[in-house]
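Text of the file work25.txt, holding compact mmCIF, C-alpha atoms and all ligand atoms:
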# COMPACT_ATOMS: atom_id res chain seq x y z
CA MET A 1 0.00 0.00 0.00
CA PRO A 2 1.35 3.43 -0.86
CA ARG A 3 1.85 5.94 1.90
CA PRO A 4 -1.65 7.14 2.78
CA ILE A 5 -1.38 10.75 1.71
CA ASP A 6 -2.90 12.43 -1.30
CA ALA A 7 -4.32 15.67 -2.59
CA VAL A 8 -7.64 16.14 -4.33
CA ILE A 9 -8.46 18.96 -6.72
CA HIS A 10 -12.14 19.85 -6.57
CA SER A 11 -13.45 20.76 -10.01
CA ASP A 12 -16.83 21.83 -8.66
CA ALA A 13 -15.16 24.28 -6.31
CA LEU A 14 -12.98 25.75 -9.05
CA ALA A 15 -15.97 26.30 -11.30
CA ALA A 16 -18.07 27.75 -8.47
CA ASN A 17 -15.26 30.09 -7.41
CA LEU A 18 -14.83 31.29 -10.97
CA GLY A 19 -18.58 31.91 -10.94
CA ARG A 20 -18.01 34.17 -7.92
CA ALA A 21 -15.55 36.20 -9.96
CA ARG A 22 -18.12 36.57 -12.72
CA ALA A 23 -20.81 37.58 -10.27
CA ALA A 24 -18.52 40.20 -8.73
CA ALA A 25 -17.78 41.74 -12.13
CA PRO A 26 -20.70 40.85 -14.38
CA ASP A 27 -19.65 43.19 -17.19
CA ALA A 28 -15.99 42.22 -17.22
CA ARG A 29 -14.15 39.43 -18.89
CA VAL A 30 -12.31 37.10 -16.58
CA TRP A 31 -8.75 35.89 -16.82
CA ALA A 32 -8.26 32.65 -14.94
CA VAL A 33 -4.76 33.17 -13.58
CA VAL A 34 -2.99 29.82 -13.80
CA LYS A 35 0.63 30.83 -13.24
CA ALA A 36 2.85 28.63 -11.07
CA ASP A 37 1.15 25.56 -12.50
CA ALA A 38 -2.26 26.86 -11.48
CA TYR A 39 -1.06 27.84 -8.01
CA GLY A 40 0.20 24.32 -7.47
CA HIS A 41 -3.02 22.62 -8.57
CA GLY A 42 -1.74 21.62 -12.01
CA ILE A 43 -2.81 23.36 -15.22
CA GLU A 44 -4.05 20.13 -16.78
CA ARG A 45 -6.03 19.32 -13.66
CA VAL A 46 -7.87 22.67 -13.45
CA TYR A 47 -8.36 23.21 -17.16
CA GLU A 48 -11.80 21.64 -17.57
CA ALA A 49 -13.18 23.43 -14.51
CA LEU A 50 -11.77 26.83 -15.46
CA ARG A 51 -12.35 26.79 -19.19
CA GLY A 52 -15.46 28.85 -18.60
CA ALA A 53 -13.08 31.79 -18.18
CA ASP A 54 -12.51 34.21 -21.05
CA GLY A 55 -8.79 33.57 -21.06
CA PHE A 56 -5.85 32.13 -19.18
CA ALA A 57 -3.17 34.36 -17.70
CA LEU A 58 0.25 33.05 -16.71
CA LEU A 59 3.86 34.00 -17.13
CA ASP A 60 5.88 30.97 -18.14
CA LEU A 61 6.03 30.32 -21.87
CA ALA A 62 6.13 26.57 -21.32
CA GLU A 63 2.89 26.87 -19.38
CA ALA A 64 1.35 28.85 -22.23
CA GLU A 65 2.28 26.00 -24.54
CA ARG A 66 0.58 23.57 -22.19
CA VAL A 67 -2.63 25.61 -22.27
CA ARG A 68 -2.58 25.59 -26.07
CA ALA A 69 -1.82 21.86 -26.07
CA LEU A 70 -5.01 21.32 -24.07
CA GLY A 71 -6.89 22.75 -27.03
CA TRP A 72 -7.56 26.25 -25.71
CA ARG A 73 -7.91 28.61 -28.66
CA GLY A 74 -9.02 31.68 -26.72
CA PRO A 75 -6.85 34.40 -25.20
CA VAL A 76 -3.68 33.55 -23.30
CA LEU A 77 -1.85 36.41 -21.61
CA LEU A 78 1.78 36.48 -20.51
CA LEU A 79 1.64 38.58 -17.34
CA GLU A 80 5.32 39.52 -17.43
CA GLY A 81 5.59 39.64 -21.19
CA VAL A 82 8.54 38.12 -22.99
CA PHE A 83 11.93 37.59 -21.41
CA GLU A 84 14.02 37.70 -24.58
CA PRO A 85 13.42 38.61 -28.23
CA ARG A 86 12.97 35.08 -29.52
CA ASP A 87 10.05 34.55 -27.12
CA LEU A 88 8.10 36.75 -29.53
CA GLU A 89 8.27 33.99 -32.13
CA LEU A 90 6.33 31.74 -29.80
CA CYS A 91 3.85 34.56 -29.18
CA SER A 92 3.28 34.85 -32.91
CA ARG A 93 3.05 31.11 -33.41
CA LEU A 94 0.66 30.45 -30.50
CA GLY A 95 -1.22 33.74 -30.70
CA LEU A 96 -0.23 34.75 -27.18
CA TRP A 97 -1.09 38.17 -25.86
CA HIS A 98 1.68 39.70 -23.84
CA THR A 99 2.32 42.37 -21.29
CA VAL A 100 4.74 45.14 -22.21
CA HIS A 101 6.29 46.63 -19.11
CA CYS A 102 9.64 48.08 -20.22
CA ASP A 103 11.38 49.78 -23.15
CA ALA A 104 13.43 46.71 -24.05
CA GLN A 105 10.24 44.78 -24.75
CA ILE A 106 9.15 47.52 -27.17
CA ASP A 107 12.57 47.43 -28.87
CA TRP A 108 12.26 43.69 -29.33
CA LEU A 109 8.75 44.04 -30.77
CA ALA A 110 9.95 46.72 -33.18
CA ALA A 111 12.57 44.28 -34.49
CA HIS A 112 10.21 41.30 -34.59
CA LYS A 113 9.03 39.89 -37.90
CA THR A 114 5.45 38.68 -37.80
CA GLN A 115 2.54 38.23 -40.17
CA GLN A 116 0.06 38.62 -37.35
CA PRO A 117 0.21 41.78 -35.22
CA HIS A 118 0.22 41.14 -31.48
CA ARG A 119 -2.32 42.13 -28.85
CA VAL A 120 -0.42 43.70 -25.98
CA PHE A 121 -1.20 44.82 -22.44
CA LEU A 122 0.80 47.94 -21.61
CA LYS A 123 1.61 47.95 -17.95
CA MET A 124 1.84 50.98 -15.73
CA ASN A 125 3.80 51.12 -12.52
CA SER A 126 1.20 53.03 -10.54
CA GLY A 127 2.96 52.56 -7.23
CA MET A 128 3.81 48.92 -6.68
CA ASN A 129 7.30 49.47 -8.11
CA ARG A 130 7.69 45.99 -9.49
CA LEU A 131 6.91 46.07 -13.22
CA GLY A 132 5.64 48.74 -15.56
CA PHE A 133 6.22 52.18 -17.01
CA ALA A 134 6.16 55.13 -14.64
CA PRO A 135 3.11 57.34 -15.23
CA THR A 136 5.39 60.00 -16.76
CA ALA A 137 6.73 57.48 -19.32
CA PHE A 138 3.47 55.65 -19.96
CA ARG A 139 2.02 57.79 -22.70
CA SER A 140 5.16 57.86 -24.78
CA ALA A 141 5.41 54.08 -24.44
CA TRP A 142 1.82 53.86 -25.65
CA ALA A 143 2.57 56.12 -28.62
CA ARG A 144 5.63 54.07 -29.54
CA LEU A 145 3.66 50.83 -29.43
CA ASN A 146 0.78 52.36 -31.32
CA ALA A 147 3.10 53.24 -34.19
CA LEU A 148 4.41 49.69 -34.57
CA PRO A 149 3.02 47.52 -37.35
CA GLN A 150 3.76 44.53 -35.09
CA VAL A 151 1.12 45.72 -32.61
CA ASP A 152 -2.60 45.25 -32.93
CA GLU A 153 -4.73 46.37 -29.97
CA ILE A 154 -3.21 47.94 -26.87
CA SER A 155 -4.87 47.29 -23.54
CA LEU A 156 -3.93 49.16 -20.38
CA MET A 157 -2.97 47.42 -17.21
CA THR A 158 -1.73 47.99 -13.69
CA HIS A 159 -1.40 45.96 -10.50
CA PHE A 160 -2.29 46.89 -6.92
CA SER A 161 -0.04 46.48 -3.93
CA ASP A 162 -2.73 46.86 -1.25
CA ALA A 163 -6.03 45.68 -2.68
CA ASP A 164 -6.24 43.23 0.23
CA GLY A 165 -5.39 45.72 2.95
CA GLU A 166 -5.91 49.01 4.66
CA ARG A 167 -4.16 51.29 2.21
CA GLY A 168 -6.47 50.12 -0.55
CA ILE A 169 -6.34 50.97 -4.23
CA ASP A 170 -7.39 54.59 -4.48
CA HIS A 171 -3.91 56.09 -4.62
CA GLN A 172 -2.94 53.82 -7.52
CA ALA A 173 -6.30 53.89 -9.29
CA ALA A 174 -6.18 57.72 -9.30
CA VAL A 175 -2.74 57.76 -10.92
CA PHE A 176 -3.83 55.21 -13.49
CA GLU A 177 -7.01 57.10 -14.30
CA ALA A 178 -5.29 60.46 -14.55
CA THR A 179 -2.66 59.09 -16.92
CA THR A 180 -4.94 57.04 -19.16
CA ALA A 181 -8.22 58.97 -19.16
CA ASP A 182 -8.17 59.81 -22.88
CA LEU A 183 -6.38 56.68 -24.13
CA PRO A 184 -8.42 54.08 -25.96
CA GLY A 185 -8.25 50.39 -25.12
CA GLU A 186 -9.53 47.94 -22.58
CA ARG A 187 -8.42 48.14 -18.96
CA SER A 188 -7.19 45.36 -16.71
CA LEU A 189 -6.74 46.37 -13.08
CA SER A 190 -8.36 43.96 -10.65
CA ASN A 191 -6.73 40.97 -9.02
CA SER A 192 -8.82 38.79 -6.69
CA ALA A 193 -8.64 41.19 -3.77
CA ALA A 194 -9.60 44.21 -5.86
CA LEU A 195 -12.38 42.27 -7.53
CA LEU A 196 -13.95 41.22 -4.24
CA ARG A 197 -13.23 44.29 -2.14
CA HIS A 198 -13.50 47.07 -4.73
CA PRO A 199 -16.14 45.86 -7.19
CA ALA A 200 -16.97 49.39 -8.35
CA LEU A 201 -13.57 49.77 -10.01
CA ARG A 202 -13.69 49.66 -13.80
CA SER A 203 -11.69 46.70 -15.03
CA ASP A 204 -12.67 45.27 -18.41
CA TRP A 205 -10.50 42.22 -17.77
CA VAL A 206 -10.32 41.07 -14.17
CA ARG A 207 -7.48 38.78 -13.17
CA ALA A 208 -8.91 36.12 -10.91
CA GLY A 209 -6.13 34.19 -9.24
CA ILE A 210 -6.26 33.10 -5.64
CA LEU A 211 -10.02 33.32 -5.29
CA SER A 212 -10.48 30.57 -7.89
CA TYR A 213 -8.48 28.25 -5.70
CA GLY A 214 -10.58 28.88 -2.61
CA SER A 215 -8.40 31.10 -0.50
CA ALA A 216 -9.52 34.50 0.77
CA PRO A 217 -7.20 37.23 -0.53
CA ASP A 218 -7.75 39.31 2.60
CA PHE A 219 -7.66 36.63 5.30
CA PRO A 220 -7.97 37.01 8.28
CA LEU A 221 -10.06 40.11 7.70
CA HIS A 222 -12.43 37.89 5.76
CA ASP A 223 -12.51 34.13 5.25
CA ILE A 224 -13.65 32.03 2.33
CA ALA A 225 -17.09 31.56 3.86
CA HIS A 226 -17.52 35.35 3.87
CA TRP A 227 -16.66 35.55 0.18
CA GLY A 228 -18.64 32.44 -0.76
CA LEU A 229 -15.57 30.52 -1.88
CA GLN A 230 -14.81 26.81 -1.56
CA PRO A 231 -11.47 25.06 -1.13
CA ALA A 232 -10.22 23.76 -4.47
CA MET A 233 -7.51 21.60 -2.94
CA THR A 234 -7.71 19.07 -0.15
CA LEU A 235 -4.56 17.64 1.38
CA ARG A 236 -5.42 14.55 3.36
CA SER A 237 -3.72 11.66 5.05
CA ARG A 238 -4.33 9.11 7.78
CA LEU A 239 -3.24 8.23 11.28
CA ILE A 240 -0.45 5.66 11.09
CA ALA A 241 0.03 5.38 14.87
CA THR A 242 -1.34 6.60 18.17
CA GLN A 243 0.50 7.24 21.44
CA GLN A 244 -0.74 7.53 24.99
CA LEU A 245 1.15 10.31 26.75
CA GLN A 246 1.57 10.73 30.49
CA PRO A 247 1.88 14.19 32.03
CA GLY A 248 5.29 15.61 31.13
CA ASP A 249 5.88 13.32 28.14
CA THR A 250 7.20 15.23 25.16
CA VAL A 251 6.51 14.95 21.43
CA GLY A 252 8.83 15.08 18.46
CA TYR A 253 12.16 16.72 17.66
CA GLY A 254 13.37 19.22 20.20
CA SER A 255 10.71 18.08 22.70
CA ARG A 256 8.82 21.22 21.84
CA PHE A 257 5.57 19.99 23.31
CA ALA A 258 5.16 18.51 26.80
CA ALA A 259 1.81 16.96 27.74
CA PRO A 260 0.22 18.98 30.55
CA GLN A 261 -1.91 15.95 31.41
CA ALA A 262 -2.48 12.44 30.13
CA LEU A 263 -3.14 12.79 26.42
CA ARG A 264 -3.75 10.60 23.42
CA ILE A 265 -2.07 11.73 20.23
CA GLY A 266 -2.17 10.52 16.65
CA ILE A 267 0.74 10.39 14.22
CA VAL A 268 -0.17 11.60 10.72
CA ALA A 269 1.60 10.55 7.53
CA CYS A 270 2.31 14.12 6.44
CA GLY A 271 5.36 16.28 6.94
CA TYR A 272 7.28 19.13 5.46
CA ALA A 273 8.50 16.95 2.59
CA ASP A 274 4.87 16.85 1.48
CA GLY A 275 4.61 20.62 1.49
CA TYR A 276 3.12 20.98 4.96
CA PRO A 277 4.95 23.92 6.56
CA ARG A 278 7.49 23.01 9.21
CA LEU A 279 6.81 26.41 10.75
CA CYS A 280 3.31 25.35 11.85
CA PRO A 281 3.47 25.46 15.65
CA THR A 282 1.61 23.43 18.27
CA GLY A 283 -2.03 24.40 17.97
CA THR A 284 -2.26 24.51 14.17
CA PRO A 285 -5.77 23.34 13.21
CA VAL A 286 -6.24 19.95 11.55
CA LEU A 287 -9.30 17.73 11.07
CA VAL A 288 -9.36 14.11 12.26
CA ASP A 289 -12.42 12.21 11.02
CA GLY A 290 -13.80 15.66 10.21
CA VAL A 291 -13.37 16.89 13.80
CA ARG A 292 -11.26 19.94 14.47
CA CYS A 293 -8.08 19.13 16.40
CA SER A 294 -4.65 20.72 16.88
CA THR A 295 -1.12 19.70 16.03
CA VAL A 296 1.38 19.16 18.82
CA GLY A 297 5.17 19.44 18.63
CA ARG A 298 7.36 20.01 15.63
CA VAL A 299 6.40 18.97 12.12
CA SER A 300 8.97 16.46 10.88
CA MET A 301 9.85 15.49 7.32
CA ASP A 302 7.24 12.74 6.95
CA MET A 303 5.05 12.97 10.03
CA LEU A 304 3.27 15.29 12.39
CA ALA A 305 1.39 14.72 15.63
CA VAL A 306 -2.18 15.64 16.59
CA ASP A 307 -3.90 15.90 19.95
CA LEU A 308 -6.82 13.47 19.71
CA THR A 309 -8.73 14.78 22.73
CA PRO A 310 -11.65 16.14 20.64
CA VAL A 311 -12.04 12.83 18.78
CA PRO A 312 -11.58 9.92 21.21
CA GLY A 313 -12.82 7.41 18.66
CA ALA A 314 -9.93 8.17 16.28
CA THR A 315 -7.71 5.22 15.59
CA LEU A 316 -5.20 3.80 13.14
CA GLY A 317 -6.42 4.69 9.64
CA SER A 318 -8.59 7.61 10.69
CA GLU A 319 -8.80 10.24 7.98
CA VAL A 320 -6.86 13.43 8.57
CA THR A 321 -7.51 16.62 6.64
CA LEU A 322 -4.53 18.97 6.60
CA TRP A 323 -6.52 21.54 4.63
CA GLY A 324 -9.54 21.60 2.38
CA ARG A 325 -12.63 19.44 2.59
CA GLY A 326 -12.98 16.88 5.36
CA PRO A 327 -15.51 14.09 5.77
CA GLY A 328 -19.07 15.04 6.66
CA GLY A 329 -18.92 18.49 5.08
CA ALA A 330 -16.22 19.81 7.43
CA VAL A 331 -13.96 22.48 5.93
CA LEU A 332 -10.51 23.58 7.01
CA PRO A 333 -9.53 26.63 4.94
CA ILE A 334 -5.92 26.57 3.79
CA ASP A 335 -5.74 30.17 5.03
CA GLU A 336 -5.93 29.05 8.66
CA VAL A 337 -2.99 26.69 8.28
CA ALA A 338 -1.03 29.32 6.38
CA GLN A 339 -1.66 31.87 9.09
CA ALA A 340 -0.36 29.47 11.74
CA ALA A 341 2.84 29.19 9.69
CA GLY A 342 3.09 32.95 9.30
CA THR A 343 2.37 32.88 5.59
CA ILE A 344 -0.51 32.99 3.10
CA GLY A 345 -2.59 30.33 1.38
CA TYR A 346 -0.84 31.04 -1.94
CA GLU A 347 2.47 29.75 -0.63
CA LEU A 348 1.06 26.51 0.76
CA MET A 349 -0.82 25.53 -2.38
CA CYS A 350 2.14 26.38 -4.60
CA ALA A 351 4.43 24.28 -2.40
CA LEU A 352 2.51 21.01 -2.53
CA ALA A 353 5.32 18.49 -2.97
CA ARG A 354 5.77 16.35 -6.02
CA ARG A 355 5.70 13.17 -4.01
CA VAL A 356 2.05 13.73 -3.08
CA PRO A 357 -0.24 11.95 -5.55
CA VAL A 358 -2.98 14.22 -6.85
CA SER A 359 -6.36 13.29 -8.24
CA VAL A 360 -9.14 15.37 -9.72
CA ALA A 361 -12.68 15.08 -8.34
CA PRO A 362 -15.71 16.18 -10.35
C1 LIG B 401 -0.68 36.70 -9.87
C2 LIG B 401 -1.25 37.90 -10.50
C3 LIG B 401 -2.63 38.14 -10.41
C4 LIG B 401 -3.56 37.29 -9.61
O1 LIG B 401 -3.50 37.70 -8.26
P1 LIG B 401 -4.43 37.05 -7.17
O2 LIG B 401 -4.10 37.80 -5.93
O3 LIG B 401 -4.03 35.62 -7.06
O4 LIG B 401 -5.81 37.20 -7.64
C5 LIG B 401 -3.12 39.24 -11.08
N1 LIG B 401 -2.31 40.05 -11.79
C6 LIG B 401 -1.00 39.84 -11.89
C7 LIG B 401 -0.16 40.77 -12.68
C8 LIG B 401 -0.41 38.77 -11.24
O5 LIG B 401 0.90 38.57 -11.34

Let me see the structure of the file written as structure tokens.
Amino acid sequence: MPRPIDAVIHSDALAANLGRARAAAPDARVWAVVKADAYGHGIERVYEALRGADGFALLDLAEAERVRALGWRGPVLLLEGVFEPRDLELCSRLGLWHTVHCDAQIDWLAAHKTQQPHRVFLKMNSGMNRLGFAPTAFRSAWARLNALPQVDEISLMTHFSDADGERGIDHQAAVFEATTADLPGERSLSNSAALLRHPALRSDWVRAGILSYGSAPDFPLHDIAHWGLQPAMTLRSRLIATQQLQPGDTVGYGSRFAAPQALRIGIVACGYADGYPRLCPTGTPVLVDGVRCSTVGRVSMDMLAVDLTPVPGATLGSEVTLWGRGPGGAVLPIDEVAQAAGTIGYELMCALARRVPVSVAP
């Protein structure tokens, strides 16, 4: 028997979450953002559930090829554009739309030979200071692109640093609006957080990433239940041992947990080599037979320990949900586990280890 750990990708949840994006922006078109191998879910595994989107956005050219290989003929957008001139050949061949965020990318386009002019998304750095033209350089970049025979339509794009938080989007949206007010072209501004939290913002193409995968972009301010989202990934395992602790007995490497009283614990076949964060401290939530419990002691490479007090009937083989959907309709949002580890749901789903077998549920 293989080690009893696996991950399940929930197609119904992906489709329902994408539906949430549509409902939040009924007049917009929706990019399903599938970068980083669909946030660790696997592009091929999410494709059927997300093909109701208007396009797929990603940044690795090999991933764009995979989307085309699945038969997708609609829009595919490279969120960082091309990395070197010859990437443009692939854009021409596969009909990829691409972001243009710097002068070099315009130079490369100007030197590119293509029958088919390219659709580009011109990116403004409206304050995030990662990619994009400064507002003062944006209009001349637009004019340069507009004069190129290699360029078809130009859409306008920016990205928010604080759509999930207190500072919000207004300072960036104002700069974007002031700079682009009289420019033609479709706009793409919203990521998941902006889409959910600032639905009044005009964004002709919204970029739905994390929300599709069932993580709340602004956790812990709001959770997935608040936003009507469902976990798209379950990581589950089983108890492979139990131990009866006496008061003072310790658990795991470094003896980081000492039993304050007699305690029954379960040993779960899941560790940091599966992508479960080693930084999760004692008290991280976990479901055993669908009942909420807590981890105790350090996470090791292949195992972790759980206090079985809330579920006395648990025994060898009991199902353990590390995140996602548990038995009996129980849900453990990935965001809660991420928070315990001091990180965000994005990082956990992207870090699911290769050794974990993954299946797709309808
Ligand atoms: C990753 C990414 C998104 C999606 O962000 P989420 O927070 O996952 O919705 C949108 N736009 C750009 C440019 C990105 O890189």

Task: Among the residues A:Pro85, A:Gly297, A:Pro2, A:Pro310, the one that comes closest to A:Gly252 [using all atoms listed in the file] - done: A:Gly297

TODO: Have a look at atom CA of A:Leu145 and atom CA of A:Ile106 and let me know their distance in Å, one decimal.
DONE: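 It comes out at 6.8 Å.
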
TODO: Find the residue from A:Val356, A:Leu201, A:Ala269, A:Pro333 that sits nearest to A:Ala216; use all atoms listed in the file when measuring.
DONE: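 Ranked by minimum distance to A:Ala216, first place goes to A:Pro333.
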
- [ ] Give as a PyMOL selection string the set of residues within 10 Å of the point (-6.9, 19.0, -15.9), where distances use the file's coordinates and all atoms listed in the file.
- [x] chain A and resi 9+11+41-50+70+359-360

Let me see the file: selected residues, C-alpha atoms, as a short mmCIF file (atom, residue, chain, number, x, y, z; two decimals), in the coordinates of the input.
data_model
loop_
_atom_site.label_atom_id
_atom_site.label_comp_id
_atom_site.auth_asym_id
_atom_site.auth_seq_id
_atom_site.Cartn_x
_atom_site.Cartn_y
_atom_site.Cartn_z
CA ILE A 9 -8.46 18.96 -6.72
CA SER A 11 -13.45 20.76 -10.01
CA HIS A 41 -3.02 22.62 -8.57
CA GLY A 42 -1.74 21.62 -12.01
CA ILE A 43 -2.81 23.36 -15.22
CA GLU A 44 -4.05 20.13 -16.78
CA ARG A 45 -6.03 19.32 -13.66
CA VAL A 46 -7.87 22.67 -13.45
CA TYR A 47 -8.36 23.21 -17.16
CA GLU A 48 -11.80 21.64 -17.57
CA ALA A 49 -13.18 23.43 -14.51
CA LEU A 50 -11.77 26.83 -15.46
CA LEU A 70 -5.01 21.32 -24.07
CA SER A 359 -6.36 13.29 -8.24
CA VAL A 360 -9.14 15.37 -9.72
#

- [ ] Kindly provide, as a ChimeraX atom specification, all nucleotide and amino acid residues lying within 10 Å of ligand LIG 401 (chain B), counting all atoms listed in the file.
- [x] /A:31-36,38-39,57-59,78-80,99,123,130-131,157-161,163-164,188-196,206-213,215-218,346

Got time to write the residues from that selection, C-alpha atoms, as a short mmCIF file (atom, residue, chain, number, x, y, z; two decimals), keeping the file's coordinate frame?
data_model
loop_
_atom_site.label_atom_id
_atom_site.label_comp_id
_atom_site.auth_asym_id
_atom_site.auth_seq_id
_atom_site.Cartn_x
_atom_site.Cartn_y
_atom_site.Cartn_z
CA TRP A 31 -8.75 35.89 -16.82
CA ALA A 32 -8.26 32.65 -14.94
CA VAL A 33 -4.76 33.17 -13.58
CA VAL A 34 -2.99 29.82 -13.80
CA LYS A 35 0.63 30.83 -13.24
CA ALA A 36 2.85 28.63 -11.07
CA ALA A 38 -2.26 26.86 -11.48
CA TYR A 39 -1.06 27.84 -8.01
CA ALA A 57 -3.17 34.36 -17.70
CA LEU A 58 0.25 33.05 -16.71
CA LEU A 59 3.86 34.00 -17.13
CA LEU A 78 1.78 36.48 -20.51
CA LEU A 79 1.64 38.58 -17.34
CA GLU A 80 5.32 39.52 -17.43
CA THR A 99 2.32 42.37 -21.29
CA LYS A 123 1.61 47.95 -17.95
CA ARG A 130 7.69 45.99 -9.49
CA LEU A 131 6.91 46.07 -13.22
CA MET A 157 -2.97 47.42 -17.21
CA THR A 158 -1.73 47.99 -13.69
CA HIS A 159 -1.40 45.96 -10.50
CA PHE A 160 -2.29 46.89 -6.92
CA SER A 161 -0.04 46.48 -3.93
CA ALA A 163 -6.03 45.68 -2.68
CA ASP A 164 -6.24 43.23 0.23
CA SER A 188 -7.19 45.36 -16.71
CA LEU A 189 -6.74 46.37 -13.08
CA SER A 190 -8.36 43.96 -10.65
CA ASN A 191 -6.73 40.97 -9.02
CA SER A 192 -8.82 38.79 -6.69
CA ALA A 193 -8.64 41.19 -3.77
CA ALA A 194 -9.60 44.21 -5.86
CA LEU A 195 -12.38 42.27 -7.53
CA LEU A 196 -13.95 41.22 -4.24
CA VAL A 206 -10.32 41.07 -14.17
CA ARG A 207 -7.48 38.78 -13.17
CA ALA A 208 -8.91 36.12 -10.91
CA GLY A 209 -6.13 34.19 -9.24
CA ILE A 210 -6.26 33.10 -5.64
CA LEU A 211 -10.02 33.32 -5.29
CA SER A 212 -10.48 30.57 -7.89
CA TYR A 213 -8.48 28.25 -5.70
CA SER A 215 -8.40 31.10 -0.50
CA ALA A 216 -9.52 34.50 0.77
CA PRO A 217 -7.20 37.23 -0.53
CA ASP A 218 -7.75 39.31 2.60
CA TYR A 346 -0.84 31.04 -1.94
#

- [ ] Starting from the point (13.7, 40.4, -21.9), work out which residues of protein, DNA or RNA have an atom no more than 7 Å away when counting all atoms listed in the file; state them as JSON, numbers by chain.
- [x] {"A": [82, 83, 84, 85, 104, 105]}

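Proximity to A:Arg278 was assessed for A:Ala338, A:Leu14, A:Met233, A:Ile224 counting all atoms listed in the file; the smallest distance is recorded for A:Ala338.
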
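The neighbours of A:Leu263 here are the residues that come within 8 Å of it, using all atoms listed in the file and leaving out any residue fewer than 5 positions away in the same chain; they are Gln244, Leu245, Gln246, Pro247, Asp307, Leu308 and Thr309 of chain A.
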
Task: Counting only C-alpha atoms, the option among A:Gly275, A:Gly345, A:Gly19, A:Gly329 closest to A:Ile5 - done: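 Under the stated criterion, the closest residue is A:Gly275.
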
Task: Shortest interatomic distance to A:Arg86 - which of A:Leu148, A:Leu109, A:His222, A:Asp12, counting only C-alpha atoms - done: A:Leu109

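What separates atom CA of A:Pro281 from atom CA of A:Leu332 is a distance of 16.5 Å.
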
TODO: May I ask for the distance between atom CA of A:Gln172 and atom CA of A:His101, given in Å to one decimal place?
DONE: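 Atom-to-atom, atom CA of A:Gln172 to atom CA of A:His101, that is 16.5 Å.
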
- [ ] Name all residues at most 9 Å from A:Trp97 (count all atoms listed in the file; drop same-chain ones fewer than 5 positions away) and give them as JSON, numbers by chain.
- [x] {"A": [75, 76, 77, 78, 79, 81, 91, 92, 118, 119, 120, 121]}

Open item on the list: Would you pick out the contacts of stretch 178-187 of chain A at 6 Å or less, using all atoms listed in the file, so that residues sharing its chain but fewer than 6 positions from it are not included, and give the list as an NGL selection string?
Closed with: :A and (154-157 or 203-204)

Open item on the list: So that I can check the surroundings of A:Lys113, please list as a count of residues only every protein, DNA and RNA residue that reaches within 10 Å of it, counting all atoms listed in the file and ignoring chain neighbours fewer than 3 positions away.
Closed with: 10
